[in-house]
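Trainee: File my_file.cif follows (mmCIF, C-alpha atoms and all ligand atoms; chains and numbers go by the auth columns):
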```cif
data_start
loop_
_atom_site.group_PDB
_atom_site.id
_atom_site.type_symbol
_atom_site.label_atom_id
_atom_site.label_comp_id
_atom_site.label_asym_id
_atom_site.label_seq_id
_atom_site.Cartn_x
_atom_site.Cartn_y
_atom_site.Cartn_z
_atom_site.B_iso_or_equiv
_atom_site.auth_seq_id
_atom_site.auth_asym_id
ATOM 1 C CA MET A 1 75.369 -70.083 44.882 0.00 1 A
ATOM 2 C CA ILE A 2 73.814 -73.477 45.616 0.00 2 A
ATOM 3 C CA LEU A 3 71.424 -73.766 48.553 0.00 3 A
ATOM 4 C CA ASP A 4 69.437 -76.519 50.193 0.00 4 A
ATOM 5 C CA GLU A 5 66.021 -75.655 51.624 0.00 5 A
ATOM 6 C CA ALA A 6 67.242 -74.847 55.130 0.00 6 A
ATOM 7 C CA GLU A 7 69.878 -72.518 53.673 0.00 7 A
ATOM 8 C CA MET A 8 67.335 -70.975 51.306 0.00 8 A
ATOM 9 C CA THR A 9 65.037 -70.242 54.228 0.00 9 A
ATOM 10 C CA ARG A 10 67.848 -68.769 56.298 0.00 10 A
ATOM 11 C CA TRP A 11 68.969 -66.636 53.370 0.00 11 A
ATOM 12 C CA GLY A 12 65.411 -65.397 52.823 0.00 12 A
ATOM 13 C CA ARG A 13 65.096 -64.413 56.465 0.00 13 A
ATOM 14 C CA ALA A 14 68.400 -62.543 56.270 0.00 14 A
ATOM 15 C CA ILE A 15 67.155 -60.659 53.204 0.00 15 A
ATOM 16 C CA GLY A 16 63.906 -59.807 54.965 0.00 16 A
ATOM 17 C CA GLU A 17 65.687 -58.614 58.082 0.00 17 A
ATOM 18 C CA ALA A 18 68.044 -56.427 56.063 0.00 18 A
ATOM 19 C CA ALA A 19 65.495 -55.156 53.555 0.00 19 A
ATOM 20 C CA ARG A 20 64.655 -51.477 53.770 0.00 20 A
ATOM 21 C CA PRO A 21 61.588 -50.472 51.771 0.00 21 A
ATOM 22 C CA PRO A 22 60.811 -49.439 49.146 0.00 22 A
ATOM 23 C CA LEU A 23 62.185 -52.575 47.564 0.00 23 A
ATOM 24 C CA PHE A 24 61.224 -54.719 44.585 0.00 24 A
ATOM 25 C CA LEU A 25 62.432 -58.317 44.507 0.00 25 A
ATOM 26 C CA LEU A 26 61.445 -60.365 41.493 0.00 26 A
ATOM 27 C CA LEU A 27 61.594 -64.139 41.808 0.00 27 A
ATOM 28 C CA ARG A 28 62.154 -66.120 38.625 0.00 28 A
ATOM 29 C CA GLY A 29 62.309 -69.839 37.957 0.00 29 A
ATOM 30 C CA PRO A 30 60.029 -72.712 36.953 0.00 30 A
ATOM 31 C CA LEU A 31 57.230 -74.258 39.022 0.00 31 A
ATOM 32 C CA GLY A 32 58.646 -75.852 42.137 0.00 32 A
ATOM 33 C CA ALA A 33 61.897 -73.905 41.982 0.00 33 A
ATOM 34 C CA GLY A 34 61.331 -72.480 45.458 0.00 34 A
ATOM 35 C CA LYS A 35 60.074 -68.967 44.728 0.00 35 A
ATOM 36 C CA SER A 36 57.286 -69.231 47.304 0.00 36 A
ATOM 37 C CA VAL A 37 59.606 -70.813 49.870 0.00 37 A
ATOM 38 C CA LEU A 38 61.971 -67.877 49.442 0.00 38 A
ATOM 39 C CA ALA A 39 59.200 -65.249 49.386 0.00 39 A
ATOM 40 C CA ARG A 40 57.718 -66.679 52.589 0.00 40 A
ATOM 41 C CA SER A 41 61.020 -66.563 54.441 0.00 41 A
ATOM 42 C CA ILE A 42 61.752 -63.028 53.220 0.00 42 A
ATOM 43 C CA ALA A 43 58.318 -61.960 54.492 0.00 43 A
ATOM 44 C CA GLN A 44 58.939 -63.626 57.840 0.00 44 A
ATOM 45 C CA GLY A 45 62.370 -62.008 58.107 0.00 45 A
ATOM 46 C CA ALA A 46 60.749 -58.640 57.406 0.00 46 A
ATOM 47 C CA GLY A 47 58.401 -59.152 60.338 0.00 47 A
ATOM 48 C CA VAL A 48 55.285 -60.756 58.862 0.00 48 A
ATOM 49 C CA GLU A 49 53.640 -62.917 61.491 0.00 49 A
ATOM 50 C CA GLY A 50 51.399 -65.878 60.745 0.00 50 A
ATOM 51 C CA ALA A 51 50.917 -67.879 57.583 0.00 51 A
ATOM 52 C CA VAL A 52 52.142 -66.683 54.200 0.00 52 A
ATOM 53 C CA PRO A 53 50.152 -68.797 51.726 0.00 53 A
ATOM 54 C CA SER A 54 50.976 -68.817 48.036 0.00 54 A
ATOM 55 C CA PRO A 55 48.927 -66.148 46.248 0.00 55 A
ATOM 56 C CA THR A 56 48.629 -68.156 43.024 0.00 56 A
ATOM 57 C CA PHE A 57 44.838 -67.835 42.861 0.00 57 A
ATOM 58 C CA ASN A 58 44.496 -64.406 44.439 0.00 58 A
ATOM 59 C CA LEU A 59 47.497 -62.959 42.583 0.00 59 A
ATOM 60 C CA MET A 60 48.317 -60.607 45.462 0.00 60 A
ATOM 61 C CA PHE A 61 48.432 -60.684 49.253 0.00 61 A
ATOM 62 C CA ARG A 62 49.397 -57.763 51.500 0.00 62 A
ATOM 63 C CA TYR A 63 50.817 -58.210 54.982 0.00 63 A
ATOM 64 C CA PRO A 64 51.603 -55.660 57.675 0.00 64 A
ATOM 65 C CA THR A 65 54.992 -56.214 59.297 0.00 65 A
ATOM 66 C CA SER A 66 55.772 -55.900 62.976 0.00 66 A
ATOM 67 C CA ARG A 67 57.989 -52.927 61.987 0.00 67 A
ATOM 68 C CA GLY A 68 55.094 -50.910 60.632 0.00 68 A
ATOM 69 C CA GLY A 69 55.822 -51.661 56.984 0.00 69 A
ATOM 70 C CA THR A 70 54.075 -53.779 54.382 0.00 70 A
ATOM 71 C CA VAL A 71 55.082 -56.877 52.471 0.00 71 A
ATOM 72 C CA VAL A 72 53.258 -57.349 49.177 0.00 72 A
ATOM 73 C CA HIS A 73 53.485 -60.873 47.773 0.00 73 A
ATOM 74 C CA VAL A 74 52.443 -61.107 44.139 0.00 74 A
ATOM 75 C CA ASP A 75 52.179 -64.237 41.976 0.00 75 A
ATOM 76 C CA LEU A 76 51.457 -63.423 38.343 0.00 76 A
ATOM 77 C CA TYR A 77 51.338 -67.039 37.153 0.00 77 A
ATOM 78 C CA ARG A 78 47.653 -66.794 36.272 0.00 78 A
ATOM 79 C CA LEU A 79 47.858 -63.397 34.666 0.00 79 A
ATOM 80 C CA THR A 80 46.603 -63.875 31.128 0.00 80 A
ATOM 81 C CA ASP A 81 46.874 -60.326 29.885 0.00 81 A
ATOM 82 C CA PRO A 82 49.058 -57.439 31.074 0.00 82 A
ATOM 83 C CA SER A 83 45.939 -55.246 31.213 0.00 83 A
ATOM 84 C CA GLU A 84 44.996 -57.182 34.349 0.00 84 A
ATOM 85 C CA LEU A 85 47.993 -55.551 36.012 0.00 85 A
ATOM 86 C CA TRP A 86 46.070 -52.310 36.280 0.00 86 A
ATOM 87 C CA GLU A 87 43.193 -54.031 38.065 0.00 87 A
ATOM 88 C CA LEU A 88 45.724 -55.390 40.545 0.00 88 A
ATOM 89 C CA GLY A 89 47.028 -51.910 41.256 0.00 89 A
ATOM 90 C CA TRP A 90 50.440 -52.855 39.862 0.00 90 A
ATOM 91 C CA GLN A 91 51.435 -49.301 38.990 0.00 91 A
ATOM 92 C CA GLU A 92 50.851 -48.154 42.579 0.00 92 A
ATOM 93 C CA LEU A 93 53.188 -50.737 44.045 0.00 93 A
ATOM 94 C CA GLY A 94 56.485 -49.718 45.556 0.00 94 A
ATOM 95 C CA ASP A 95 55.335 -47.195 48.155 0.00 95 A
ATOM 96 C CA ASP A 96 57.847 -46.028 50.714 0.00 96 A
ATOM 97 C CA ASP A 97 56.843 -48.686 53.219 0.00 97 A
ATOM 98 C CA GLU A 98 56.537 -51.611 50.821 0.00 98 A
ATOM 99 C CA ILE A 99 58.677 -54.648 50.189 0.00 99 A
ATOM 100 C CA VAL A 100 57.268 -56.124 46.996 0.00 100 A
ATOM 101 C CA LEU A 101 57.953 -59.794 46.148 0.00 101 A
ATOM 102 C CA VAL A 102 56.871 -60.893 42.671 0.00 102 A
ATOM 103 C CA GLU A 103 56.685 -64.458 41.389 0.00 103 A
ATOM 104 C CA TRP A 104 56.404 -64.956 37.602 0.00 104 A
ATOM 105 C CA PRO A 105 57.438 -61.389 36.730 0.00 105 A
ATOM 106 C CA ASP A 106 57.783 -62.456 33.076 0.00 106 A
ATOM 107 C CA ARG A 107 53.974 -62.015 32.904 0.00 107 A
ATOM 108 C CA ALA A 108 54.638 -58.308 33.416 0.00 108 A
ATOM 109 C CA GLU A 109 57.674 -57.963 31.182 0.00 109 A
ATOM 110 C CA GLY A 110 57.879 -54.402 29.916 0.00 110 A
ATOM 111 C CA PHE A 111 56.104 -53.146 33.051 0.00 111 A
ATOM 112 C CA LEU A 112 58.813 -53.960 35.562 0.00 112 A
ATOM 113 C CA PRO A 113 60.077 -51.253 37.905 0.00 113 A
ATOM 114 C CA GLU A 114 63.320 -49.575 36.922 0.00 114 A
ATOM 115 C CA HIS A 115 65.040 -50.262 40.241 0.00 115 A
ATOM 116 C CA ARG A 116 64.871 -53.881 41.330 0.00 116 A
ATOM 117 C CA TRP A 117 66.627 -57.070 42.307 0.00 117 A
ATOM 118 C CA GLU A 118 65.966 -60.237 40.371 0.00 118 A
ATOM 119 C CA ILE A 119 66.587 -63.641 41.921 0.00 119 A
ATOM 120 C CA THR A 120 66.529 -66.628 39.576 0.00 120 A
ATOM 121 C CA LEU A 121 66.167 -70.101 41.092 0.00 121 A
ATOM 122 C CA SER A 122 66.914 -73.272 39.159 0.00 122 A
ATOM 123 C CA THR A 123 66.688 -76.933 39.979 0.00 123 A
ATOM 124 C CA VAL A 124 69.745 -79.082 39.459 0.00 124 A
ATOM 125 C CA ALA A 125 69.337 -82.400 37.629 0.00 125 A
ATOM 126 C CA GLY A 126 69.938 -85.273 39.995 0.00 126 A
ATOM 127 C CA HIS A 127 69.836 -83.054 43.116 0.00 127 A
ATOM 128 C CA ARG A 128 66.290 -82.808 44.405 0.00 128 A
ATOM 129 C CA GLU A 129 67.179 -80.872 47.542 0.00 129 A
ATOM 130 C CA THR A 130 69.313 -78.070 46.147 0.00 130 A
ATOM 131 C CA ARG A 131 68.718 -74.997 43.988 0.00 131 A
ATOM 132 C CA THR A 132 71.098 -72.702 42.182 0.00 132 A
ATOM 133 C CA VAL A 133 70.582 -69.011 42.819 0.00 133 A
ATOM 134 C CA PHE A 134 71.486 -66.111 40.536 0.00 134 A
ATOM 135 C CA VAL A 135 71.043 -62.532 41.660 0.00 135 A
ATOM 136 C CA SER A 136 70.891 -59.585 39.251 0.00 136 A
ATOM 137 C CA ARG A 137 70.577 -55.902 40.023 0.00 137 A
ATOM 138 C CA PHE A 138 68.706 -53.531 37.729 0.00 138 A
ATOM 139 C CA GLY A 139 68.907 -49.791 38.209 0.00 139 A
ATOM 140 C CA LYS A 140 69.820 -48.684 41.706 0.00 140 A
ATOM 141 C CA PRO A 141 67.674 -50.565 44.184 0.00 141 A
ATOM 142 C CA GLN A 142 68.283 -50.223 47.913 0.00 142 A
ATOM 143 C CA ASP A 143 71.301 -52.110 49.114 0.00 143 A
ATOM 144 C CA LEU A 144 70.535 -55.637 50.075 0.00 144 A
ATOM 145 C CA PRO A 145 73.043 -56.489 52.810 0.00 145 A
ATOM 146 C CA GLY A 146 71.903 -60.081 52.497 0.00 146 A
ATOM 147 C CA PHE A 147 73.984 -60.394 49.280 0.00 147 A
ATOM 148 C CA PRO A 148 76.230 -62.225 49.612 0.00 148 A
ATOM 149 C CA VAL A 149 75.272 -63.890 52.829 0.00 149 A
ATOM 150 C CA SER A 150 77.052 -66.549 54.804 0.00 150 A
ATOM 151 C CA VAL A 151 74.844 -69.578 55.129 0.00 151 A
ATOM 152 C CA SER A 152 77.318 -71.815 56.867 0.00 152 A
ATOM 153 C CA SER A 153 76.464 -70.916 60.451 0.00 153 A
HETATM 154 N N1 LIG B . 66.800 -75.857 48.133 0.00 201 B
HETATM 155 C C1 LIG B . 65.473 -75.664 48.101 0.00 201 B
HETATM 156 N N2 LIG B . 64.978 -74.417 48.151 0.00 201 B
HETATM 157 C C2 LIG B . 63.633 -74.207 48.104 0.00 201 B
HETATM 158 N N3 LIG B . 62.710 -75.185 48.009 0.00 201 B
HETATM 159 C C3 LIG B . 63.156 -76.448 47.954 0.00 201 B
HETATM 160 C C4 LIG B . 64.534 -76.727 47.999 0.00 201 B
HETATM 161 N N4 LIG B . 64.687 -78.078 47.935 0.00 201 B
HETATM 162 C C5 LIG B . 63.477 -78.594 47.853 0.00 201 B
HETATM 163 N N5 LIG B . 62.527 -77.633 47.875 0.00 201 B
HETATM 164 C C6 LIG B . 61.075 -77.893 47.751 0.00 201 B
HETATM 165 O O1 LIG B . 60.679 -77.394 46.487 0.00 201 B
HETATM 166 C C7 LIG B . 59.345 -76.884 46.568 0.00 201 B
HETATM 167 C C8 LIG B . 59.325 -75.431 46.121 0.00 201 B
HETATM 168 O O2 LIG B . 57.981 -75.021 46.081 0.00 201 B
HETATM 169 P P1 LIG B . 57.553 -73.519 45.846 0.00 201 B
HETATM 170 O O3 LIG B . 58.384 -72.612 46.705 0.00 201 B
HETATM 171 O O4 LIG B . 56.085 -73.464 46.016 0.00 201 B
HETATM 172 O O5 LIG B . 57.962 -73.326 44.321 0.00 201 B
HETATM 173 P P2 LIG B . 57.559 -72.147 43.321 0.00 201 B
HETATM 174 O O6 LIG B . 56.904 -71.055 44.114 0.00 201 B
HETATM 175 O O7 LIG B . 58.847 -71.728 42.674 0.00 201 B
HETATM 176 O O8 LIG B . 56.637 -72.786 42.318 0.00 201 B
HETATM 177 C C9 LIG B . 58.889 -77.045 48.001 0.00 201 B
HETATM 178 O O9 LIG B . 58.119 -78.206 48.075 0.00 201 B
HETATM 179 C C10 LIG B . 60.196 -77.205 48.770 0.00 201 B
HETATM 180 O O10 LIG B . 60.014 -78.017 49.912 0.00 201 B
HETATM 181 MG MG MG B . 55.060 -70.106 43.944 0.00 202 B
#
```
Would you mind writing the file's structure down as structure tokens?
Mentor:
Amino acid sequence: MILDEAEMTRWGRAIGEAARPPLFLLLRGPLGAGKSVLARSIAQGAGVEGAVPSPTFNLMFRYPTSRGGTVVHVDLYRLTDPSELWELGWQELGDDDEIVLVEWPDRAEGFLPEHRWEITLSTVAGHRETRTVFVSRFGKPQDLPGFPVSVSS
């Protein structure tokens, strides 16, 4: 799938609206690929109100949703050692009410949850405004009715 930013945002909102916790969504791709753009729109679709800043320096932000759930936005870019995962409370993530969005999950390779969706974003040479999107399912995560999603309307 190839999406421009407006389509990416719409897709993220659709995922957030459809998402039923507990749910792990890992976001892969290089710097500037659009992981935070997608995470923000998923959070908004799930009912997070207000700003959703990038947690690059804090590693983790938690947001209550208007539906009584929680969105956890994690960015492991600055994780230098997997032992820091325990300080973050990584192993407690994935409670019944949590939608967990993880940027840079490769920093936690080997400690990823069994049941999860992985979304890989890539830039396309010569096309600054579009991204390719690959979606992989591992284990048996909750259905994600947002996949595939029509982005044409
Ligand atoms: N199709 C697209 N999808 C998402 N972001 C896009 C797209 N096209 C351009 N962009 C831009 O790319 C940047 C992505 O930034 P960000 O989401 O912070 O990246 P990451 O979190 O992967 O490092 C933003 O400046 C956004 O405006
Ligand atoms: Mg980011």
Trainee: Find the residues around Asp106 in chain A up to 10 Å (only C-alpha atoms counted), leave out those fewer than 4 positions away in its own chain, and share them as a PyMOL selection string.
Mentor: chain A and resi 26-29+76-77+102+110-112
Trainee: Show me which residues line ligand MG 202 (chain B), defined as having an atom within 8 Å of a ligand atom where all atoms listed in the file count, and present them as a list in words.
Mentor: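 Based on all atoms listed in the file, ligand MG 202 (chain B) is surrounded within 8 Å by Leu31, Gly32, Gly34, Lys35, Ser36, Val37, Ser54, Pro55, Thr56, Asp75 and Glu103 of chain A.
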Trainee: Any chance you can output those residues with C-alpha atoms as a tab-separated table (two decimals), keeping the file's coordinate frame?
Mentor:
```
chain	number	residue	atom	x	y	z
A	31	LEU	CA	57.23	-74.26	39.02
A	32	GLY	CA	58.65	-75.85	42.14
A	34	GLY	CA	61.33	-72.48	45.46
A	35	LYS	CA	60.07	-68.97	44.73
A	36	SER	CA	57.29	-69.23	47.30
A	37	VAL	CA	59.61	-70.81	49.87
A	54	SER	CA	50.98	-68.82	48.04
A	55	PRO	CA	48.93	-66.15	46.25
A	56	THR	CA	48.63	-68.16	43.02
A	75	ASP	CA	52.18	-64.24	41.98
A	103	GLU	CA	56.68	-64.46	41.39
```
Trainee: Please compute the CA of His115 in chain A-CA of Lys140 in chain A distance, one decimal, in Å.
Mentor: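 One can read the CA of His115 in chain A to CA of Lys140 in chain A distance as 5.2 Å.
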Trainee: Mind giving me the straight-line distance from CA of Leu121 in chain A to CA of Met8 in chain A in Å, one decimal?
Mentor: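 Separating CA of Leu121 in chain A from CA of Met8 in chain A is a distance of 10.3 Å.
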Trainee: Near range 93-96 of chain A, within 10 Å and counting all atoms listed in the file, which residues show up once chain neighbours fewer than 3 positions away are dropped, as a count of residues only?
Mentor: 14
Trainee: Step by step, work through what the PyMOL selection byres (((chain A and resi 122-138) around 8) and not hetatm) selects in the shown file, and finish by giving those residues as number ranges by chain.
Mentor: A: 1-5, 29-30, 33-34, 114-121, 139-141
Trainee: Find the residues near Arg62 in chain A: any atom within 9 Å, counting only C-alpha atoms, skip ones fewer than 2 places away on the same chain, and give them as a compact mmCIF listing (two decimals) with C-alpha atoms, keeping the file's coordinate frame.
Mentor:
```txt
# COMPACT_ATOMS: atom_id res chain seq x y z
CA MET A 60 48.32 -60.61 45.46
CA PRO A 64 51.60 -55.66 57.68
CA THR A 70 54.08 -53.78 54.38
CA VAL A 71 55.08 -56.88 52.47
CA VAL A 72 53.26 -57.35 49.18
CA HIS A 73 53.48 -60.87 47.77
CA VAL A 74 52.44 -61.11 44.14
```
Trainee: Taking every listed atom of range 65-79 of chain A and adding 3 Å to each side, what centre and edge lengths in Å (one decimal) does the axis-aligned box have, as JSON?
Mentor:
```
{"center_x": 52.8, "center_y": -59.0, "center_z": 48.8, "size_x": 16.3, "size_y": 22.1, "size_z": 34.3}
```
Trainee: Looking at only C-alpha atoms and all ligand atoms, which of A:Trp104, A:Asn58, A:Ala19, A:Gly50 is the one that sits closest to ligand LIG 201 (chain B)?
Mentor: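 Among the listed residues, A:Trp104 lies closest to ligand LIG 201 (chain B).
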Trainee: To one decimal place in Å, what is the distance between CA of Leu25 in chain A and CA of Gln142 in chain A?
Mentor: 10.6 Å
Trainee: Go through A:Leu101, A:Val52, A:Leu38, A:Ala14 one by one, measure the shortest atom-to-atom distance of each to ligand LIG 201 (chain B) using all atoms listed in the file, and give the residue with the smallest value.
Mentor: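 The shortest atom-to-atom distance to ligand LIG 201 (chain B) comes from A:Leu38.
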Trainee: Taking only C-alpha atoms and all ligand atoms into account, which of A:Ala108, A:Ala43, A:Ala6, A:Leu59 comes nearest ligand LIG 201 (chain B)?
Mentor: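 Ranking A:Ala108, A:Ala43, A:Ala6, A:Leu59 by distance to ligand LIG 201 (chain B), first place goes to A:Ala6.
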Trainee: Which residue, A:Leu79, A:Ile15, A:Leu144, A:Leu85, has the smallest gap to Ala39 in chain A when you use all atoms listed in the file?
Mentor: A:Ile15
Trainee: Could you get me a file of range 16-108 of chain A with C-alpha atoms, as a short mmCIF file (atom, residue, chain, number, x, y, z; two decimals), in the first residue's frame, taken from the block above?
Mentor:
```cif
data_model
loop_
_atom_site.label_atom_id
_atom_site.label_comp_id
_atom_site.auth_asym_id
_atom_site.auth_seq_id
_atom_site.Cartn_x
_atom_site.Cartn_y
_atom_site.Cartn_z
CA GLY A 16 -7.58 3.62 16.38
CA GLU A 17 -11.34 3.63 16.05
CA ALA A 18 -11.42 -0.09 15.32
CA ALA A 19 -8.76 -1.14 17.82
CA ARG A 20 -9.96 -3.20 20.75
CA PRO A 21 -7.42 -3.54 23.55
CA PRO A 22 -5.30 -5.31 24.50
CA LEU A 23 -3.37 -4.61 21.33
CA PHE A 24 0.30 -4.26 20.44
CA LEU A 25 1.21 -2.36 17.29
CA LEU A 26 4.89 -2.08 16.48
CA LEU A 27 5.96 0.66 14.09
CA ARG A 28 9.13 0.07 12.09
CA GLY A 29 11.00 2.24 9.62
CA PRO A 30 13.83 4.78 9.55
CA LEU A 31 13.81 8.29 11.02
CA GLY A 32 11.22 10.41 9.28
CA ALA A 33 9.31 7.44 7.91
CA GLY A 34 6.11 8.58 9.60
CA LYS A 35 5.93 6.32 12.66
CA SER A 36 5.00 9.20 14.96
CA VAL A 37 2.50 10.60 12.46
CA LEU A 38 0.81 7.20 12.35
CA ALA A 39 1.01 6.64 16.12
CA ARG A 40 -0.53 10.06 16.77
CA SER A 41 -3.46 9.42 14.45
CA ILE A 42 -4.05 5.95 15.90
CA ALA A 43 -4.11 7.50 19.39
CA GLN A 44 -6.55 10.18 18.25
CA GLY A 45 -8.76 7.58 16.58
CA ALA A 46 -8.77 5.60 19.83
CA GLY A 47 -10.07 8.64 21.68
CA VAL A 48 -6.98 10.43 22.98
CA GLU A 49 -7.71 14.13 23.24
CA GLY A 50 -5.08 16.86 23.11
CA ALA A 51 -1.50 16.78 21.91
CA VAL A 52 0.39 13.55 21.31
CA PRO A 53 4.04 14.63 21.31
CA SER A 54 6.80 12.27 20.24
CA PRO A 55 8.14 10.40 23.28
CA THR A 56 11.69 10.21 21.93
CA PHE A 57 13.25 11.68 25.08
CA ASN A 58 10.80 10.29 27.62
CA LEU A 59 10.60 6.87 25.95
CA MET A 60 6.99 6.39 27.06
CA PHE A 61 3.80 8.43 27.34
CA ARG A 62 0.45 7.14 28.62
CA TYR A 63 -2.87 8.66 27.61
CA PRO A 64 -6.38 7.96 28.85
CA THR A 65 -8.91 7.63 26.04
CA SER A 66 -12.41 9.02 26.02
CA ARG A 67 -13.59 5.37 25.99
CA GLY A 68 -12.03 4.59 29.34
CA GLY A 69 -9.00 2.81 27.91
CA THR A 70 -5.33 3.71 27.70
CA VAL A 71 -2.99 4.38 24.81
CA VAL A 72 0.67 3.79 25.59
CA HIS A 73 3.06 5.39 23.10
CA VAL A 74 6.61 4.09 23.37
CA ASP A 75 9.68 5.24 21.43
CA LEU A 76 12.71 3.05 22.09
CA TYR A 77 15.09 5.00 19.85
CA ARG A 78 17.23 6.08 22.79
CA LEU A 79 17.23 2.75 24.53
CA THR A 80 20.87 1.77 24.83
CA ASP A 81 20.49 -1.51 26.65
CA PRO A 82 17.54 -3.92 26.83
CA SER A 83 17.87 -3.91 30.63
CA GLU A 84 16.35 -0.43 30.53
CA LEU A 85 13.14 -2.08 29.36
CA TRP A 86 12.50 -3.30 32.88
CA GLU A 87 12.82 0.21 34.28
CA LEU A 88 10.22 1.31 31.74
CA GLY A 89 7.81 -1.35 32.92
CA TRP A 90 7.94 -3.05 29.52
CA GLN A 91 6.94 -6.47 30.81
CA GLU A 92 3.76 -5.06 32.37
CA LEU A 93 2.54 -3.57 29.12
CA GLY A 94 -0.44 -5.01 27.32
CA ASP A 95 -3.08 -4.84 30.05
CA ASP A 96 -6.67 -5.46 29.08
CA ASP A 97 -7.37 -1.78 28.52
CA GLU A 98 -4.16 -0.88 26.70
CA ILE A 99 -3.37 -0.10 23.10
CA VAL A 100 0.41 -0.13 22.95
CA LEU A 101 2.20 1.66 20.08
CA VAL A 102 5.95 1.07 19.87
CA GLU A 103 8.42 2.96 17.70
CA TRP A 104 11.88 1.40 17.20
CA PRO A 105 10.87 -2.05 18.47
CA ASP A 106 14.18 -3.43 17.15
CA ARG A 107 15.71 -2.04 20.38
CA ALA A 108 13.64 -4.67 22.18
#
```
